[in-house]
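Quick look at final_30.pdb (PDB, C-alpha atoms):
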ATOM      1  CA  HIS A   1      -4.648  19.328  -8.756
ATOM      2  CA  PRO A   2      -4.056  16.187  -6.675
ATOM      3  CA  GLY A   3      -7.141  14.174  -5.851
ATOM      4  CA  ARG A   4      -7.624  11.723  -2.990
ATOM      5  CA  ILE A   5     -10.918   9.859  -2.729
ATOM      6  CA  ASP A   6     -11.749   7.337  -0.053
ATOM      7  CA  THR A   7     -13.342   4.645  -2.205
ATOM      8  CA  GLU A   8     -14.755   2.879   0.828
ATOM      9  CA  GLY A   9     -17.148   5.783   1.338
ATOM     10  CA  SER A  10     -17.730   6.723  -2.292
ATOM     11  CA  GLY A  11     -20.285   4.041  -3.093
ATOM     12  CA  ARG A  12     -18.484   3.327  -6.371
ATOM     13  CA  ALA A  13     -16.049   0.696  -5.157
ATOM     14  CA  GLN A  14     -16.047  -2.282  -2.876
ATOM     15  CA  GLY A  15     -13.294  -3.419  -0.558
ATOM     16  CA  GLY A  16     -11.929  -0.047   0.518
ATOM     17  CA  GLY A  17      -8.717   1.517  -0.712
ATOM     18  CA  VAL A  18      -7.608   4.969  -1.792
ATOM     19  CA  ILE A  19      -7.641   6.680  -5.177
ATOM     20  CA  ASP A  20      -4.732   9.095  -5.454
ATOM     21  CA  PHE A  21      -3.961  10.948  -8.688
ATOM     22  CA  VAL A  22      -2.943  14.284 -10.189
ATOM     23  CA  ALA A  23      -4.632  16.132 -13.062
ATOM     24  CA  ALA A  24      -3.228  19.195 -14.833
ATOM     25  CA  SER A  25      -3.969  21.596 -17.672
ATOM     26  CA  PHE A  26      -1.634  23.328 -20.121
ATOM     27  CA  ASN A  27      -2.064  25.629 -23.136
ATOM     28  CA  ALA A  28       0.595  24.280 -25.488
ATOM     29  CA  ARG A  29       0.197  26.719 -28.395
ATOM     30  CA  SER A  30       0.877  23.849 -30.806
ATOM     31  CA  MET A  31       2.174  20.321 -30.435
ATOM     32  CA  LYS A  32       2.725  19.932 -34.180
ATOM     33  CA  GLU A  33       6.529  20.209 -34.072
ATOM     34  CA  ASP A  34       6.832  16.585 -32.890
ATOM     35  CA  THR A  35       7.442  15.239 -36.403
ATOM     36  CA  ALA A  36       9.296  12.267 -37.909
ATOM     37  CA  ALA A  37      11.941  14.671 -39.239
ATOM     38  CA  SER A  38      12.585  16.158 -35.793
ATOM     39  CA  ARG A  39      12.888  12.674 -34.280
ATOM     40  CA  ARG A  40      15.452  11.663 -36.939
ATOM     41  CA  ARG A  41      17.526  14.705 -35.950
ATOM     42  CA  GLY A  42      17.495  13.474 -32.356
ATOM     43  CA  CYS A  43      15.245  16.342 -31.286
ATOM     44  CA  PRO A  44      11.863  14.779 -30.565
ATOM     45  CA  GLY A  45      10.096  18.090 -29.934
ATOM     46  CA  ARG A  46       7.889  19.551 -27.260
ATOM     47  CA  ALA A  47       5.399  16.683 -27.086
ATOM     48  CA  ALA A  48       8.017  14.086 -26.132
ATOM     49  CA  ALA A  49       9.615  16.463 -23.637
ATOM     50  CA  MET A  50       6.230  17.224 -22.107
ATOM     51  CA  ARG A  51       5.385  13.530 -21.807
ATOM     52  CA  ARG A  52       8.592  12.984 -19.860
ATOM     53  CA  GLN A  53       7.748  15.872 -17.534
ATOM     54  CA  VAL A  54       4.158  14.681 -17.066
ATOM     55  CA  ARG A  55       5.380  11.238 -16.054
ATOM     56  CA  GLU A  56       8.107  12.619 -13.767
ATOM     57  CA  ARG A  57       5.480  14.666 -11.930
ATOM     58  CA  GLY A  58       3.108  11.728 -11.535
ATOM     59  CA  ILE A  59       0.287  13.283 -13.581
ATOM     60  CA  LEU A  60      -2.422  10.817 -14.572
ATOM     61  CA  LEU A  61      -4.598  13.143 -16.682
ATOM     62  CA  MET A  62      -3.295  16.124 -18.663
ATOM     63  CA  GLY A  63      -5.618  18.478 -20.524
ATOM     64  CA  VAL A  64      -3.910  20.295 -23.401
ATOM     65  CA  GLN A  65      -5.381  23.329 -25.142
ATOM     66  CA  GLU A  66      -4.259  24.817 -28.483
ATOM     67  CA  ALA A  67      -2.757  21.471 -29.503
ATOM     68  CA  ARG A  68      -3.486  21.957 -33.244
ATOM     69  CA  THR A  69      -3.000  18.232 -33.860
ATOM     70  CA  PRO A  70      -5.113  15.963 -36.122
ATOM     71  CA  GLU A  71      -8.315  14.445 -34.771
ATOM     72  CA  GLY A  72      -8.108  10.933 -33.372
ATOM     73  CA  ALA A  73      -6.670   8.739 -30.636
ATOM     74  CA  ARG A  74      -3.214   7.239 -30.481
ATOM     75  CA  ALA A  75      -0.918   5.463 -28.051
ATOM     76  CA  VAL A  76       2.554   6.980 -27.650
ATOM     77  CA  ASP A  77       5.230   6.482 -24.987
ATOM     78  CA  GLY A  78       2.748   4.733 -22.692
ATOM     79  CA  PHE A  79       0.133   7.497 -22.991
ATOM     80  CA  LEU A  80      -3.292   7.435 -24.601
ATOM     81  CA  VAL A  81      -3.621  10.766 -26.448
ATOM     82  CA  ILE A  82      -7.101  11.791 -27.586
ATOM     83  CA  SER A  83      -7.348  14.836 -29.873
ATOM     84  CA  THR A  84     -10.355  16.831 -31.088
ATOM     85  CA  GLY A  85      -8.538  18.165 -34.123
ATOM     86  CA  PRO A  86      -8.056  21.903 -34.798
ATOM     87  CA  CYS A  87     -10.185  24.581 -36.407
ATOM     88  CA  GLY A  88      -8.100  25.528 -39.404
ATOM     89  CA  GLN A  89      -4.621  26.082 -38.016
ATOM     90  CA  ASN A  90      -5.769  26.961 -34.502
ATOM     91  CA  LEU A  91      -7.385  25.516 -31.390
ATOM     92  CA  GLY A  92      -7.745  21.796 -30.722
ATOM     93  CA  CYS A  93      -7.905  20.063 -27.332
ATOM     94  CA  GLU A  94      -6.140  16.906 -26.222
ATOM     95  CA  LEU A  95      -6.468  14.606 -23.224
ATOM     96  CA  TRP A  96      -3.351  12.681 -22.217
ATOM     97  CA  ILE A  97      -3.864   9.619 -20.018
ATOM     98  CA  ASP A  98      -0.779   7.973 -18.554
ATOM     99  CA  LEU A  99      -1.554   4.293 -19.011
ATOM    100  CA  GLU A 100       1.323   3.314 -16.714
ATOM    101  CA  ALA A 101       0.403   5.587 -13.784
ATOM    102  CA  VAL A 102      -1.040   3.824 -10.747
ATOM    103  CA  TYR A 103      -4.101   5.726  -9.499
ATOM    104  CA  ALA A 104      -5.398   3.280  -6.869
ATOM    105  CA  ARG A 105      -4.050   0.712  -4.476
ATOM    106  CA  VAL A 106      -6.166  -1.821  -2.632
ATOM    107  CA  GLY A 107      -4.182  -4.297  -0.591
ATOM    108  CA  ASN A 108      -1.496  -5.616  -2.911
ATOM    109  CA  ALA A 109      -3.419  -4.677  -6.064
ATOM    110  CA  GLU A 110      -2.475  -1.651  -8.168
ATOM    111  CA  PHE A 111      -4.786  -0.095 -10.775
ATOM    112  CA  THR A 112      -3.995   1.678 -14.053
ATOM    113  CA  VAL A 113      -6.393   2.998 -16.706
ATOM    114  CA  PRO A 114      -7.213   0.534 -19.517
ATOM    115  CA  PRO A 115      -7.661   2.344 -22.885
ATOM    116  CA  LYS A 116     -10.929   0.475 -23.485
ATOM    117  CA  ASP A 117     -12.422   2.240 -20.446
ATOM    118  CA  CYS A 118     -12.026   5.700 -22.020
ATOM    119  CA  VAL A 119     -14.895   6.769 -24.307
ATOM    120  CA  VAL A 120     -15.220  10.112 -26.112
ATOM    121  CA  VAL A 121     -18.702  11.550 -25.542
ATOM    122  CA  HIS A 122     -18.133  14.999 -27.108
ATOM    123  CA  SER A 123     -15.443  16.485 -29.317
ATOM    124  CA  ASP A 124     -14.997  19.892 -30.930
ATOM    125  CA  PRO A 125     -11.936  22.184 -31.219
ATOM    126  CA  ARG A 126     -12.776  23.950 -27.932
ATOM    127  CA  LEU A 127     -14.224  21.066 -25.900
ATOM    128  CA  LEU A 128     -13.389  17.409 -25.284
ATOM    129  CA  LEU A 129     -15.353  15.137 -22.960
ATOM    130  CA  VAL A 130     -14.047  11.656 -22.182
ATOM    131  CA  ARG A 131     -15.933   9.286 -19.891
ATOM    132  CA  ILE A 132     -13.547   7.124 -17.855
ATOM    133  CA  THR A 133     -15.019   4.007 -16.271
ATOM    134  CA  ALA A 134     -11.878   2.241 -15.096
ATOM    135  CA  PRO A 135     -11.879  -0.072 -12.061
ATOM    136  CA  ARG A 136     -12.444   2.101  -8.967
ATOM    137  CA  LEU A 137     -12.281   5.298 -11.030
ATOM    138  CA  ARG A 138     -15.371   6.928 -12.535
ATOM    139  CA  CYS A 139     -15.141  10.452 -13.901
ATOM    140  CA  THR A 140     -15.884  12.606 -16.930
ATOM    141  CA  ALA A 141     -12.622  14.266 -17.958
ATOM    142  CA  VAL A 142     -13.237  17.658 -19.554
ATOM    143  CA  VAL A 143     -10.663  19.600 -21.564
ATOM    144  CA  ALA A 144     -11.932  23.056 -22.539
ATOM    145  CA  HIS A 145     -10.605  26.271 -24.078
ATOM    146  CA  ALA A 146     -12.695  29.420 -23.659
ATOM    147  CA  PRO A 147     -12.682  32.306 -26.154
ATOM    148  CA  HIS A 148     -10.278  35.026 -25.056
ATOM    149  CA  SER A 149     -11.384  38.411 -23.745
ATOM    150  CA  GLY A 150     -10.782  40.088 -27.117
ATOM    151  CA  ARG A 151     -13.780  38.275 -28.600
ATOM    152  CA  PRO A 152     -17.205  39.979 -28.460
ATOM    153  CA  LEU A 153     -18.953  39.597 -25.106
ATOM    154  CA  GLU A 154     -22.025  37.962 -26.639
ATOM    155  CA  GLU A 155     -19.864  35.347 -28.382
ATOM    156  CA  ARG A 156     -18.128  34.550 -25.101
ATOM    157  CA  ARG A 157     -21.396  34.461 -23.162
ATOM    158  CA  THR A 158     -22.885  32.052 -25.724
ATOM    159  CA  TRP A 159     -19.877  29.731 -25.436
ATOM    160  CA  TRP A 160     -20.003  29.603 -21.641
ATOM    161  CA  LYS A 161     -23.746  28.894 -21.673
ATOM    162  CA  ALA A 162     -23.190  26.087 -24.187
ATOM    163  CA  LEU A 163     -20.404  24.670 -22.008
ATOM    164  CA  ALA A 164     -22.671  24.522 -18.960
ATOM    165  CA  ARG A 165     -25.394  22.783 -20.999
ATOM    166  CA  ALA A 166     -22.902  20.273 -22.393
ATOM    167  CA  LEU A 167     -21.555  19.376 -18.939
ATOM    168  CA  GLN A 168     -24.797  19.219 -16.957
ATOM    169  CA  PRO A 169     -25.794  15.654 -18.005
ATOM    170  CA  HIS A 170     -22.445  14.197 -17.018
ATOM    171  CA  PRO A 171     -21.478  13.025 -13.508
ATOM    172  CA  ASP A 172     -18.193  13.361 -11.653
ATOM    173  CA  LEU A 173     -16.761  16.206 -13.734
ATOM    174  CA  LEU A 174     -13.015  16.799 -13.715
ATOM    175  CA  LEU A 175     -12.472  20.142 -15.464
ATOM    176  CA  MET A 176      -9.146  20.989 -17.102
ATOM    177  CA  ILE A 177      -9.704  24.386 -18.684
ATOM    178  CA  ASP A 178      -7.968  27.413 -20.099
ATOM    179  CA  ALA A 179     -10.702  29.847 -19.098
ATOM    180  CA  ASN A 180      -8.875  32.929 -20.407
ATOM    181  CA  GLY A 181     -10.192  34.630 -17.290
ATOM    182  CA  ARG A 182      -9.353  35.617 -13.746
ATOM    183  CA  LEU A 183     -10.982  34.542 -10.493
ATOM    184  CA  GLY A 184     -10.464  35.225  -6.814
ATOM    185  CA  THR A 185     -12.014  38.444  -5.582
ATOM    186  CA  VAL A 186     -15.578  37.107  -5.715
ATOM    187  CA  VAL A 187     -16.004  34.092  -3.429
ATOM    188  CA  SER A 188     -18.907  31.637  -3.495
ATOM    189  CA  GLU A 189     -19.610  27.929  -3.043
ATOM    190  CA  ALA A 190     -18.079  27.463  -6.520
ATOM    191  CA  VAL A 191     -14.958  29.608  -6.040
ATOM    192  CA  GLY A 192     -13.104  29.485  -2.743
ATOM    193  CA  PRO A 193     -10.726  31.975  -1.115
ATOM    194  CA  GLY A 194      -7.551  29.927  -1.521
ATOM    195  CA  GLY A 195      -4.968  29.818  -4.264
ATOM    196  CA  TYR A 196      -3.755  32.689  -6.428
ATOM    197  CA  ALA A 197      -6.565  35.244  -6.161
ATOM    198  CA  GLN A 198      -6.930  37.853  -8.918
ATOM    199  CA  ASP A 199      -9.511  40.509  -9.711
ATOM    200  CA  GLU A 200     -12.442  38.733 -11.352
ATOM    201  CA  ASP A 201     -12.739  39.914 -14.968
ATOM    202  CA  SER A 202     -15.534  39.431 -17.526
ATOM    203  CA  ASN A 203     -14.423  35.939 -18.565
ATOM    204  CA  GLY A 204     -13.862  35.054 -14.923
ATOM    205  CA  SER A 205     -17.419  36.144 -14.165
ATOM    206  CA  LEU A 206     -18.761  33.946 -16.984
ATOM    207  CA  PHE A 207     -16.645  31.040 -15.697
ATOM    208  CA  HIS A 208     -17.884  31.633 -12.154
ATOM    209  CA  HIS A 209     -21.519  31.625 -13.287
ATOM    210  CA  ALA A 210     -21.026  28.408 -15.266
ATOM    211  CA  LEU A 211     -19.523  26.704 -12.189
ATOM    212  CA  GLN A 212     -22.504  27.791 -10.096
ATOM    213  CA  GLN A 213     -24.883  26.340 -12.687
ATOM    214  CA  LEU A 214     -23.104  22.993 -12.449
ATOM    215  CA  GLN A 215     -23.391  22.685  -8.668
TER     216      GLN A 215
END
Can the structure from this file be put into structure tokens for me?
Amino acid sequence: HPGRIDTEGSGRAQGGGVIDFVAASFNARSMKEDTAASRRRGCPGRAAAMRRQVRERGILLMGVQEARTPEGARAVDGFLVISTGPCGQNLGCELWIDLEAVYARVGNAEFTVPPKDCVVVHSDPRLLLVRITAPRLRCTAVVAHAPHSGRPLEERRTWWKALARALQPHPDLLLMIDANGRLGTVVSEAVGPGGYAQDEDSNGSLFHHALQQLQ
């Protein structure tokens, strides 16, 4: 979703100006096909194609679920890509940060995210937390992937409770999640009436409750 924050009133920046950026989330169902062999064939794979699309759409932060890529951080095509690593051959979250995207303008100055200002504070195959403390931009970027509705209810309930506990200590949360759930028919301070409303299901209810806990 696009975000606009008046930094003059935020208390986190001096000198005024506007922060303007887009964040998105996408379940990739594997980014592993972007291999050296595919690049030699002139077919760089889904990851390279996605990076082009992310940049064309002006997305600063992209949360990727089901990436299935090795754990670590790397710079590629002007992006910082941080990966949790998978669980076996499944799961794995990534955060993509476009290091060339301008997220703030103050006078004639333009601001982009320095890699040194991005610190991993939690990493497991279903949850990645990265604290960003760039000039005029402070947030905790969260990439999460909830268990699907076919898993036992108690397993799902335990995961959502653990997610809420993990996020509570962190300020300025920006949540990029595949919740594997539906929201919309139950409205609260955490879930508004806009957007694509669907009948709230069991995972949606767990998601809704976790959001209320974080308020």
Please identify all polymer residues within 10 Å of Val186 (chain A), counting all atoms listed in the file, omitting same-chain residues fewer than 6 positions from it, and present them as a short mmCIF file (atom, residue, chain, number, x, y, z; two decimals) with C-alpha atoms, in the frame of the given file.
data_model
loop_
_atom_site.label_atom_id
_atom_site.label_comp_id
_atom_site.auth_asym_id
_atom_site.auth_seq_id
_atom_site.Cartn_x
_atom_site.Cartn_y
_atom_site.Cartn_z
CA GLY A 192 -13.10 29.48 -2.74
CA PRO A 193 -10.73 31.98 -1.12
CA ALA A 197 -6.56 35.24 -6.16
CA GLN A 198 -6.93 37.85 -8.92
CA ASP A 199 -9.51 40.51 -9.71
CA GLU A 200 -12.44 38.73 -11.35
CA GLY A 204 -13.86 35.05 -14.92
CA SER A 205 -17.42 36.14 -14.16
CA HIS A 208 -17.88 31.63 -12.15
#
I'd like to see the residues matched by the PyMOL selection byres ((chain A and resi 64-66) around 6) on this file, and ideally I'd get them as a PyMOL selection string.
chain A and resi 25-30+63+67-68+91-94
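For the residues A:Phe21, A:Gly150, A:Ala48, A:Leu183, ranking by smallest atom-to-atom distance to Thr112 (chain A) using all atoms listed in the file places A:Phe21 first.
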Name the residues captured by the PyMOL selection byres ((chain A and resi 23) around 6) when it is applied to the shown file; answer as a PyMOL selection string.
chain A and resi 1+22+24+59-62
Around (4.8, 20.3, -27.6) in the file's own coordinates, what residues are found within 6 Å if you use all atoms listed in the file, given back as a PyMOL selection string?
chain A and resi 31+46-47
Residues selected by the PyMOL selection byres ((chain A and resi 100) around 9), written as a list of chain:residue names:
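Those residues are A:Arg55, A:Leu60, A:Gly78, A:Phe79, A:Ile97, A:Asp98, A:Leu99, A:Ala101, A:Val102, A:Thr112, A:Val113.
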C-alpha atoms of region 127-144 of chain A from block above, as an mmCIF file, in the first residue's frame:
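Final output, out_24.cif:
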data_model
loop_
_atom_site.group_PDB
_atom_site.id
_atom_site.type_symbol
_atom_site.label_atom_id
_atom_site.label_comp_id
_atom_site.auth_asym_id
_atom_site.auth_seq_id
_atom_site.Cartn_x
_atom_site.Cartn_y
_atom_site.Cartn_z
ATOM 1 C CA LEU A 127 8.757 -14.615 9.915
ATOM 2 C CA LEU A 128 11.324 -11.939 9.082
ATOM 3 C CA LEU A 129 11.715 -8.689 11.007
ATOM 4 C CA VAL A 130 14.052 -5.994 9.700
ATOM 5 C CA ARG A 131 14.542 -2.713 11.547
ATOM 6 C CA ILE A 132 15.085 0.180 9.129
ATOM 7 C CA THR A 133 16.604 3.338 10.581
ATOM 8 C CA ALA A 134 17.358 5.295 7.423
ATOM 9 C CA PRO A 135 17.385 9.110 7.371
ATOM 10 C CA ARG A 136 13.781 10.287 7.865
ATOM 11 C CA LEU A 137 12.466 6.715 7.731
ATOM 12 C CA ARG A 138 12.019 4.576 10.845
ATOM 13 C CA CYS A 139 10.026 1.364 10.630
ATOM 14 C CA THR A 140 10.110 -2.340 11.426
ATOM 15 C CA ALA A 141 9.451 -4.205 8.179
ATOM 16 C CA VAL A 142 7.687 -7.509 8.813
ATOM 17 C CA VAL A 143 7.381 -10.319 6.273
ATOM 18 C CA ALA A 144 5.183 -13.156 7.549
#
